[in-house]
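Have a look at upload02.cif; it's mmCIF, C-alpha atoms:
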data_input
loop_
_atom_site.label_atom_id
_atom_site.label_comp_id
_atom_site.auth_asym_id
_atom_site.auth_seq_id
_atom_site.Cartn_x
_atom_site.Cartn_y
_atom_site.Cartn_z
CA MET A 234 -43.81 192.99 216.37
CA SER A 235 -40.48 193.24 218.03
CA ARG A 236 -37.40 193.63 215.93
CA ASP A 237 -33.83 193.66 217.04
CA LEU A 238 -32.26 196.53 215.15
CA SER A 239 -28.82 194.93 214.96
CA ASP A 240 -30.34 191.74 213.52
CA LEU A 241 -32.30 193.80 211.03
CA VAL A 242 -29.25 195.79 209.99
CA ASP A 243 -27.26 192.59 209.55
CA LEU A 244 -30.01 191.00 207.44
CA VAL A 245 -30.34 194.12 205.30
CA ALA A 246 -26.58 194.28 204.74
CA ARG A 247 -26.49 190.63 203.70
CA ALA A 248 -29.51 190.98 201.46
CA ARG A 249 -27.94 194.02 199.85
CA ALA A 250 -24.90 191.89 199.08
CA GLY A 251 -27.17 189.43 197.27
CA ASP A 252 -28.05 186.94 200.02
CA ALA A 253 -31.58 185.78 199.10
CA GLY A 254 -31.82 183.82 202.37
CA ALA A 255 -31.33 187.01 204.37
CA PHE A 256 -33.94 188.71 202.23
CA GLU A 257 -36.36 185.87 202.92
CA ALA A 258 -35.80 186.39 206.66
CA LEU A 259 -36.63 190.07 206.20
CA PHE A 260 -39.77 189.10 204.31
CA ARG A 261 -40.87 186.69 207.07
CA SER A 262 -40.39 189.41 209.65
CA LEU A 263 -42.13 192.21 207.81
CA GLN A 264 -44.64 190.64 205.41
CA ALA A 265 -47.71 190.79 207.67
CA GLY A 266 -47.10 194.43 208.45
CA ILE A 267 -46.60 195.40 204.82
CA TYR A 268 -49.62 193.38 203.70
CA SER A 269 -51.81 194.97 206.40
CA PHE A 270 -50.44 198.39 205.56
CA ILE A 271 -51.45 197.90 201.93
CA ARG A 272 -54.78 196.28 202.85
CA GLY A 273 -55.48 199.40 204.85
CA GLN A 274 -55.33 201.40 201.62
CA VAL A 275 -56.70 199.27 198.80
CA ARG A 276 -59.94 197.40 198.65
CA GLU A 277 -59.15 194.22 196.78
CA ALA A 278 -57.37 191.43 198.63
CA GLU A 279 -55.76 190.05 195.49
CA LEU A 280 -54.48 193.47 194.56
CA ALA A 281 -53.04 193.92 198.05
CA ALA A 282 -51.27 190.58 197.73
CA ASP A 283 -49.92 191.55 194.34
CA LEU A 284 -48.71 194.93 195.64
CA THR A 285 -47.06 193.19 198.58
CA GLN A 286 -45.12 191.02 196.13
CA GLN A 287 -44.17 194.03 194.05
CA THR A 288 -43.03 195.90 197.16
CA PHE A 289 -40.55 193.20 198.12
CA VAL A 290 -39.38 192.62 194.54
CA ARG A 291 -38.71 196.32 194.11
CA ALA A 292 -36.97 196.45 197.48
CA TRP A 293 -34.68 193.60 196.41
CA GLU A 294 -33.84 195.35 193.16
CA SER A 295 -33.23 198.71 194.81
CA LEU A 296 -31.42 197.52 197.93
CA PRO A 297 -27.95 198.38 196.57
CA ARG A 298 -29.08 202.03 196.54
CA LEU A 299 -30.24 202.04 200.19
CA ARG A 300 -27.60 203.95 202.16
CA GLN A 301 -28.71 203.29 205.74
CA GLU A 302 -29.62 199.74 206.66
CA GLY A 303 -31.44 201.01 209.77
CA ALA A 304 -33.87 202.94 207.58
CA PHE A 305 -35.00 199.77 205.79
CA VAL A 306 -38.46 199.48 207.39
CA GLY A 307 -39.49 203.05 206.64
CA TRP A 308 -38.00 202.75 203.14
CA LEU A 309 -39.99 199.56 202.51
CA HIS A 310 -43.21 201.31 203.50
CA ARG A 311 -42.41 204.18 201.15
CA ILE A 312 -42.04 201.70 198.31
CA ALA A 313 -45.41 200.20 199.25
CA SER A 314 -47.01 203.67 199.45
CA ASN A 315 -45.65 204.63 196.04
CA LEU A 316 -46.96 201.43 194.48
CA VAL A 317 -50.40 201.98 196.05
CA ARG A 318 -50.43 205.57 194.84
CA ASP A 319 -49.49 204.51 191.29
CA GLU A 320 -52.19 201.85 191.34
CA VAL A 321 -54.79 204.34 192.50
CA LYS A 322 -53.68 206.84 189.85
CA SER A 323 -54.03 204.19 187.18
CA GLY A 324 -57.64 203.75 188.28
CA HIS A 325 -57.24 200.11 189.25
CA ALA A 326 -57.71 200.61 192.95
CA ARG A 327 -59.61 202.67 195.43
CA LEU A 328 -58.06 204.09 198.55
CA GLU A 329 -60.96 203.31 200.83
CA VAL A 330 -61.21 199.91 202.37
CA ALA A 331 -64.00 198.05 204.09
CA ALA A 332 -63.38 195.90 207.15
CA SER A 333 -65.18 192.98 205.53
CA ASP A 334 -62.76 193.21 202.63
CA VAL A 335 -59.76 193.19 204.90
CA LEU A 336 -61.06 190.26 206.89
CA GLY A 337 -62.62 188.35 204.04
CA ASP A 338 -60.62 185.36 202.97
CA PRO A 339 -58.52 186.12 199.91
CA PRO A 340 -58.15 183.16 197.57
CA GLY A 341 -55.94 180.49 199.02
CA VAL A 342 -55.61 182.14 202.41
CA ASP A 343 -55.76 180.02 205.52
CA LEU A 344 -56.99 182.26 208.28
CA ALA A 345 -57.09 179.57 210.91
CA PRO A 346 -56.05 181.41 214.05
CA GLY A 347 -52.74 180.60 215.68
CA PRO A 348 -52.40 180.21 219.44
CA GLU A 349 -51.97 183.96 219.94
CA GLU A 350 -54.69 184.91 217.54
CA GLN A 351 -57.25 182.69 219.29
CA VAL A 352 -57.18 185.14 222.17
CA VAL A 353 -58.58 187.86 219.93
CA SER A 354 -62.18 187.25 218.97
CA GLN A 355 -63.33 187.60 215.41
CA GLY A 356 -65.86 190.17 216.65
CA LEU A 357 -63.15 192.39 218.04
CA ARG A 358 -61.04 191.96 214.92
CA THR A 359 -63.96 193.04 212.74
CA ALA A 360 -64.80 195.94 215.04
CA VAL A 361 -61.23 197.22 215.01
CA TRP A 362 -60.94 197.07 211.22
CA GLU A 363 -64.34 198.75 210.83
CA ALA A 364 -63.19 201.48 213.17
CA LEU A 365 -59.96 201.86 211.21
CA ASP A 366 -61.99 202.05 208.03
CA GLY A 367 -63.69 205.17 209.37
CA LEU A 368 -60.40 207.01 209.89
CA PRO A 369 -58.78 209.35 207.37
CA ALA A 370 -56.21 207.41 205.33
CA GLU A 371 -53.15 209.04 206.92
CA GLN A 372 -54.38 208.35 210.44
CA ARG A 373 -55.24 204.78 209.49
CA SER A 374 -51.78 204.18 208.04
CA ALA A 375 -50.12 205.64 211.12
CA VAL A 376 -52.20 203.43 213.44
CA ILE A 377 -51.48 200.27 211.43
CA MET A 378 -47.75 201.00 211.40
CA HIS A 379 -47.61 201.89 215.09
CA HIS A 380 -50.03 199.44 216.71
CA MET A 381 -49.98 196.50 214.33
CA GLU A 382 -46.40 196.63 213.09
CA GLY A 383 -44.75 198.04 216.18
CA MET A 384 -42.98 200.81 214.30
CA SER A 385 -41.61 203.75 216.24
CA VAL A 386 -42.79 207.30 215.61
CA THR A 387 -39.42 208.02 213.94
CA GLU A 388 -39.78 205.06 211.59
CA ILE A 389 -43.34 206.11 210.71
CA ALA A 390 -42.17 209.65 210.05
CA GLN A 391 -39.55 208.27 207.63
CA ALA A 392 -42.15 206.13 205.92
CA MET A 393 -44.72 208.93 205.64
CA LYS A 394 -42.14 211.61 204.81
CA CYS A 395 -43.35 213.90 207.56
CA ARG A 396 -42.17 215.16 210.93
CA PRO A 397 -42.46 213.02 214.06
CA GLY A 398 -44.79 215.66 215.52
CA THR A 399 -47.18 215.12 212.63
CA VAL A 400 -47.17 211.38 213.30
CA MET A 401 -47.93 212.05 216.98
CA SER A 402 -50.81 214.27 215.98
CA ARG A 403 -52.24 211.63 213.62
CA LEU A 404 -51.92 208.95 216.26
CA ALA A 405 -53.56 211.12 218.92
CA ARG A 406 -56.52 212.05 216.74
CA ALA A 407 -56.93 208.47 215.63
CA ARG A 408 -56.82 207.31 219.24
CA GLU A 409 -59.66 209.67 220.17
CA ALA A 410 -61.79 208.50 217.24
CA LEU A 411 -61.07 204.82 217.90
CA ARG A 412 -61.85 205.27 221.59
CA ARG A 413 -65.35 206.46 220.65
CA LYS A 414 -65.90 203.76 218.01
CA LEU A 415 -64.62 200.93 220.20
CA SER A 416 -66.16 202.17 223.45
CA SER A 417 -68.14 198.98 224.04
CA TYR A 418 -64.96 196.86 223.81
CA VAL A 419 -63.03 199.31 225.95
CA GLU A 420 -65.72 199.17 228.65
CA ASP A 421 -65.87 195.38 228.42
CA SER A 422 -62.17 195.15 229.06
CA ASP A 423 -62.67 197.60 231.93
CA ALA A 424 -65.32 195.36 233.49
CA GLY A 425 -63.10 192.34 233.07
CA MET A 426 -60.33 193.90 235.15
CA MET B 196 -64.48 221.46 235.30
CA PRO B 197 -62.92 223.97 232.88
CA GLU B 198 -59.57 222.47 233.89
CA CYS B 199 -60.91 218.99 233.02
CA ASP B 200 -61.98 220.27 229.57
CA ARG B 201 -58.51 221.67 228.93
CA ILE B 202 -56.81 218.47 230.06
CA ARG B 203 -59.18 216.21 228.09
CA LYS B 204 -58.13 217.97 224.90
CA GLN B 205 -54.54 216.95 225.59
CA LEU B 206 -55.16 213.45 226.89
CA SER B 207 -54.96 211.63 223.56
CA TYR B 208 -51.64 213.39 222.84
CA TYR B 209 -50.49 212.52 226.35
CA ALA B 210 -51.48 208.88 225.75
CA VAL B 211 -49.30 208.61 222.65
CA GLY B 212 -46.36 210.38 224.29
CA GLY B 213 -46.90 213.64 222.47
CA VAL B 214 -47.02 215.98 225.49
CA ARG B 215 -43.72 217.24 226.90
CA GLY B 216 -42.28 219.80 229.30
CA GLY B 217 -44.55 222.06 231.29
CA ALA B 218 -47.72 220.78 229.61
CA HIS B 219 -46.78 217.23 230.61
CA ALA B 220 -46.32 218.29 234.22
CA ARG B 221 -49.70 220.09 234.22
CA VAL B 222 -51.48 216.98 232.90
CA GLU B 223 -49.78 214.81 235.51
CA ARG B 224 -50.75 217.18 238.33
CA HIS B 225 -54.34 217.19 237.18
CA LEU B 226 -54.52 213.42 236.79
CA ALA B 227 -53.27 212.98 240.34
CA SER B 228 -56.36 214.73 241.65
CA CYS B 229 -59.07 213.91 239.05
CA ALA B 230 -60.50 210.40 238.88
CA ALA B 231 -62.69 211.17 235.87
CA CYS B 232 -59.74 212.24 233.73
CA ARG B 233 -57.72 209.27 234.95
CA ALA B 234 -60.55 207.00 233.78
CA GLU B 235 -60.58 208.71 230.40
CA LEU B 236 -56.82 208.25 230.06
CA THR B 237 -57.22 204.58 230.95
CA ALA B 238 -59.86 204.19 228.24
CA LEU B 239 -57.54 205.76 225.67
CA GLU B 240 -54.71 203.47 226.67
CA ARG B 241 -56.96 200.41 226.47
CA THR B 242 -58.10 201.48 223.02
CA GLY B 243 -54.49 201.42 221.85
CA ALA B 244 -53.97 198.03 223.46
CA LEU B 245 -57.08 196.65 221.72
CA VAL B 246 -55.82 197.69 218.30
CA THR B 247 -52.40 196.24 219.08
CA SER B 248 -53.96 192.95 220.19
CA VAL B 249 -55.61 192.47 216.79
CA GLY B 250 -52.23 192.49 215.07
CA PRO B 251 -51.47 192.56 211.37
CA VAL B 252 -53.09 190.32 208.75
CA PRO B 253 -50.56 187.91 207.22
CA ALA B 254 -49.92 187.94 203.48
CA PRO B 255 -51.46 185.00 201.58
CA PRO B 256 -49.46 181.76 201.49
CA GLY B 257 -47.20 181.49 198.48
CA THR B 258 -46.30 185.17 198.54
CA TRP B 259 -42.64 184.51 199.30
CA GLU B 260 -42.40 181.81 196.64
CA ALA B 261 -43.76 184.24 194.06
CA ILE B 262 -41.29 186.90 195.17
CA ARG B 263 -38.38 184.45 195.16
CA ASP B 264 -39.17 183.38 191.61
CA GLN B 265 -39.18 187.00 190.49
CA ILE B 266 -35.98 188.07 192.20
CA LEU B 267 -34.11 185.02 190.98
CA ASP B 268 -35.33 185.63 187.44
CA ARG B 269 -34.44 189.28 187.54
CA PRO B 270 -30.88 189.90 188.63
CA ARG B 271 -30.10 193.37 189.90
CA GLN B 272 -27.89 194.18 186.90
CA ALA B 273 -31.02 194.15 184.77
CA LEU B 274 -32.64 196.94 186.75
CA PRO B 275 -34.62 199.20 184.43
CA ARG B 276 -33.31 202.52 185.75
CA PRO B 277 -29.56 201.86 185.76
CA ALA B 278 -29.87 199.99 182.47
CA ARG B 279 -31.59 202.95 180.89
CA ARG B 280 -28.97 205.30 182.31
CA SER B 281 -26.13 203.12 180.99
CA TRP B 282 -27.73 203.03 177.58
CA ARG B 283 -27.95 206.81 177.50
CA VAL B 284 -24.36 207.24 178.62
CA ALA B 285 -23.17 204.76 175.98
CA VAL B 286 -25.05 206.60 173.24
CA GLY B 287 -23.62 209.92 174.42
CA VAL B 288 -20.06 208.61 174.45
CA ALA B 289 -20.50 207.02 171.01
CA ALA B 290 -21.88 210.29 169.62
CA LEU B 291 -18.93 212.25 170.99
CA LEU B 292 -16.50 209.69 169.60
CA ILE B 293 -18.06 209.84 166.13
CA LEU B 294 -17.99 213.64 166.25
CA ALA B 295 -14.31 213.68 167.25
CA LEU B 296 -13.40 211.19 164.51
CA ALA B 297 -15.37 213.19 161.94
CA VAL B 298 -13.57 216.42 162.87
CA ALA B 299 -10.17 214.72 162.77
CA PHE B 300 -10.93 213.09 159.42
CA VAL B 301 -12.48 216.08 157.68
CA ARG B 302 -10.10 218.79 158.92
CA PRO B 303 -7.10 218.00 156.63
CA PHE B 304 -9.32 218.30 153.57
CA ARG B 305 -10.47 221.75 154.65
CA ALA B 306 -6.99 223.20 154.07
CA PRO B 307 -7.47 225.70 151.26
CA GLN B 308 -4.73 226.55 148.80
CA PRO B 309 -5.16 230.36 148.71
CA PRO B 310 -3.76 230.99 152.21
CA ILE B 311 -0.48 229.47 151.09
CA ALA B 312 -0.30 232.07 148.36
CA VAL B 313 -1.15 234.80 150.87
CA ALA B 314 1.57 233.48 153.13
CA VAL B 315 4.14 233.73 150.39
CA GLU B 316 3.13 237.30 149.60
CA LEU B 317 3.18 238.37 153.24
CA GLU B 318 6.53 236.77 153.94
CA ALA B 319 7.95 238.56 150.96
CA ASP B 320 6.64 241.99 152.01
CA ASP B 321 7.12 241.96 155.78
CA THR B 322 10.46 240.42 156.46
CA ASP B 323 10.79 242.25 159.83
CA THR B 324 8.15 240.18 161.56
CA PRO B 325 8.16 236.69 160.13
CA ALA B 326 7.08 235.06 163.40
CA THR B 327 4.07 237.36 163.73
CA ILE B 328 3.05 236.70 160.18
CA GLU B 329 3.49 232.97 160.60
CA SER B 330 1.23 232.94 163.61
CA HIS B 331 -1.42 234.87 161.72
CA LEU B 332 -1.10 232.47 158.81
CA SER B 333 -1.75 229.59 161.19
CA ALA B 334 -4.90 231.29 162.32
CA GLN B 335 -5.93 231.79 158.71
CA TRP B 336 -5.63 228.13 157.99
CA SER B 337 -9.06 227.28 159.33
CA ALA B 338 -10.73 230.72 159.02
CA PRO B 339 -9.11 233.01 156.49
CA LEU B 340 -11.29 236.04 157.24
CA ALA B 341 -11.39 235.63 161.00
CA ASP B 342 -7.89 236.93 161.59
CA GLU B 343 -8.33 240.66 161.22
CA ALA B 344 -4.66 241.41 161.70
CA ALA B 345 -3.68 239.19 158.79
CA VAL B 346 -6.41 240.69 156.62
CA GLY B 347 -5.15 244.16 157.55
CA LEU B 348 -1.64 243.23 156.51
CA ARG B 349 -2.92 242.02 153.20
CA LEU B 350 -5.00 245.19 152.62
CA SER B 351 -2.13 247.49 153.56
CA GLU B 352 0.09 245.57 151.20
CA LEU B 353 -2.46 245.97 148.40
CA GLY B 354 -2.93 249.67 149.15
CA GLY B 355 0.80 250.27 149.10
CA SER B 356 1.36 248.70 145.73
#
Take the structure I supplied and represent it as structure tokens, if you would.
Amino acid sequence: MSRDLSDLVDLVARARAGDAGAFEALFRSLQAGIYSFIRGQVREAELAADLTQQTFVRAWESLPRLRQEGAFVGWLHRIASNLVRDEVKSGHARLEVAASDVLGDPPGVDLAPGPEEQVVSQGLRTAVWEALDGLPAEQRSAVIMHHMEGMSVTEIAQAMKCRPGTVMSRLARAREALRRKLSSYVEDSDAGM
Amino acid sequence: MPECDRIRKQLSYYAVGGVRGGAHARVERHLASCAACRAELTALERTGALVTSVGPVPAPPGTWEAIRDQILDRPRQALPRPARRSWRVAVGVAALLILALAVAFVRPFRAPQPPIAVAVELEADDTDTPATIESHLSAQWSAPLADEAAVGLRLSELGGS
């Protein structure tokens, strides 16, 4: 996911001023990342969809209190994290997630692959999510934010309320574990080159 | 081989950009001469690329419409936290206002008659310091026994008679 920071800042400023169209543009740009981030933490697809909605609704309500437009992405993830944490505390959700749950079709979801997605096989998709499932939650979140959402280490550190060095460490350990779990795919891609 | 073991421990950090300075230079020097470690670094980099290629899972269709309905129905002025804060502030201000009005209303009725009599007696007996006595009488108005100087004057006057 590539985001132009100046575009993002402009959209956030307009949304903060009450422009629902600008907020919709922000949603279109960030929804898949937020949904995946939440799906990486809760088991039920419907719950993840509901928490995604709540995340954006709360962001809309709280936007006037956001001081730095550039911090929007990390701030949005913090809102999502807090909602997930509250849900888990209430006993309605579990933090662990199974790949089949992530990839299973939630009600009303059309998972027909787009042109880009056709390149990635369903087998690889399942293998990656299964491998992610085996990671500690903090490593999994860091990997989803970095590799699937394209967030920088600084943005992830803001979202996870930790130092950039801690994010690096989580990413490095996750990379080692994923390299072992996905070795057959890594070697396949090696042979194909 | 021991050098390979040391480098391998740092390779995943190197792959994510987490190795800097002298350690970075050491890893680079080693990689230039070690094919096995280069292959391992390549595998780590491809692992990252594989995860990136999968990409995020999109939210279900209709998610935006549901959000839009909620944000249009719930204007920001109706936020729970600020609303609650405003309510508390309003109650606090109202309480202070009532208290101030009560004090202003009740105070005139607290004026007791006896101090006036004391004032007359003191004025009559201590004509040298009328201003001092008057100020002490003012203090007596709300708390007759709190002004020790005025009480002392009264006692000395009683003792002298």
Counting only C-alpha atoms, which residues of chain B sit at most 9 Å from some atom of chain A, and what is each one's closest atom pair with its distance in Å to one decimal, listed by chain and rising residue number, as a Markdown table?
| residue | atom | partner | partner_atom | distance |
| --- | --- | --- | --- | --- |
| B:Gln205 | CA | A:Ala405 | CA | 8.9 |
| B:Leu206 | CA | A:Ala405 | CA | 8.5 |
| B:Ser207 | CA | A:Ala405 | CA | 4.9 |
| B:Tyr208 | CA | A:Ala405 | CA | 4.9 |
| B:Tyr209 | CA | A:Ala405 | CA | 8.2 |
| B:Ala210 | CA | A:Ala405 | CA | 7.5 |
| B:Val211 | CA | A:Ala405 | CA | 6.2 |
| B:Gly212 | CA | A:Met401 | CA | 7.7 |
| B:Gly213 | CA | A:Met401 | CA | 5.8 |
| B:Thr237 | CA | A:Asp423 | CA | 8.9 |
| B:Ala238 | CA | A:Val419 | CA | 6.3 |
| B:Leu239 | CA | A:Arg412 | CA | 6.0 |
| B:Glu240 | CA | A:Arg408 | CA | 8.6 |
| B:Arg241 | CA | A:Val419 | CA | 6.2 |
| B:Thr242 | CA | A:Arg412 | CA | 5.5 |
| B:Gly243 | CA | A:Arg408 | CA | 6.9 |
| B:Ala244 | CA | A:His380 | CA | 7.9 |
| B:Leu245 | CA | A:Val419 | CA | 7.8 |
| B:Val246 | CA | A:His380 | CA | 6.3 |
| B:Thr247 | CA | A:His380 | CA | 4.6 |
| B:Ser248 | CA | A:Val353 | CA | 6.9 |
| B:Val249 | CA | A:Arg358 | CA | 5.8 |
| B:Gly250 | CA | A:Met381 | CA | 4.7 |
| B:Pro251 | CA | A:Met381 | CA | 5.1 |
| B:Val252 | CA | A:Ser269 | CA | 5.4 |
| B:Pro253 | CA | A:Ala265 | CA | 4.1 |
| B:Ala254 | CA | A:Tyr268 | CA | 5.5 |
| B:Pro255 | CA | A:Val342 | CA | 5.1 |
| B:Pro256 | CA | A:Val342 | CA | 6.2 |
| B:Gly257 | CA | A:Gly341 | CA | 8.8 |
| B:Thr258 | CA | A:Gln286 | CA | 6.4 |
| B:Trp259 | CA | A:Glu257 | CA | 7.4 |
| B:Ala261 | CA | A:Gln286 | CA | 7.2 |
| B:Ile262 | CA | A:Gln286 | CA | 5.7 |
| B:Arg263 | CA | A:Ala253 | CA | 8.0 |
| B:Gln265 | CA | A:Val290 | CA | 6.9 |
| B:Ile266 | CA | A:Val290 | CA | 6.1 |
| B:Leu267 | CA | A:Ala253 | CA | 8.5 |
| B:Arg269 | CA | A:Glu294 | CA | 8.3 |
| B:Pro270 | CA | A:Glu294 | CA | 7.7 |
| B:Arg271 | CA | A:Glu294 | CA | 5.3 |
| B:Gln272 | CA | A:Glu294 | CA | 8.7 |
| B:Ala273 | CA | A:Glu294 | CA | 8.9 |
| B:Leu274 | CA | A:Glu294 | CA | 6.7 |
Specify the axis-aligned box that encloses all atoms of segment 394-406 of chain A listed in the file after padding of 3 Å on each side, stating its centre and edge lengths in Å to one decimal as JSON.
{"center_x": -49.3, "center_y": 212.3, "center_z": 211.9, "size_x": 20.4, "size_y": 12.7, "size_z": 20.1}
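Ranking A:Val245, A:Lys394, A:Ser385, A:Asp237 by their shortest atom-to-atom distance to Gln301 of chain A, with all atoms listed in the file included, puts A:Val245 first.
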Report task. Have a look at atom CA of Val242 of chain A and atom CA of Thr387 of chain A and let me know their distance in Å, one decimal. Result ->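 Going from atom CA of Val242 of chain A over to atom CA of Thr387 of chain A covers 16.4 Å.
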Query raised in the report: Hey, what's within 9 Å of Ser374 of chain A if we count all atoms listed in the file and toss same-chain stuff fewer than 6 positions away? As number ranges by chain, please?
Result: A: 270-271, 273-274, 393
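The two atoms in question, atom CA of Arg203 of chain B and atom CA of Cys232 of chain B, are spaced 6.9 Å apart.
Straight-line separation from atom CA of Arg318 of chain A to atom CA of Ser262 of chain A: 24.1 Å.
Note on the selection: in this file the PyMOL selection byres ((chain A and resi 392) around 9) comes out as Val306, Gly307, Trp308, Leu309, His310, Arg311, Ile312, Ser314, Thr387, Glu388, Ile389, Ala390, Gln391, Met393, Lys394 and Cys395 of chain A.
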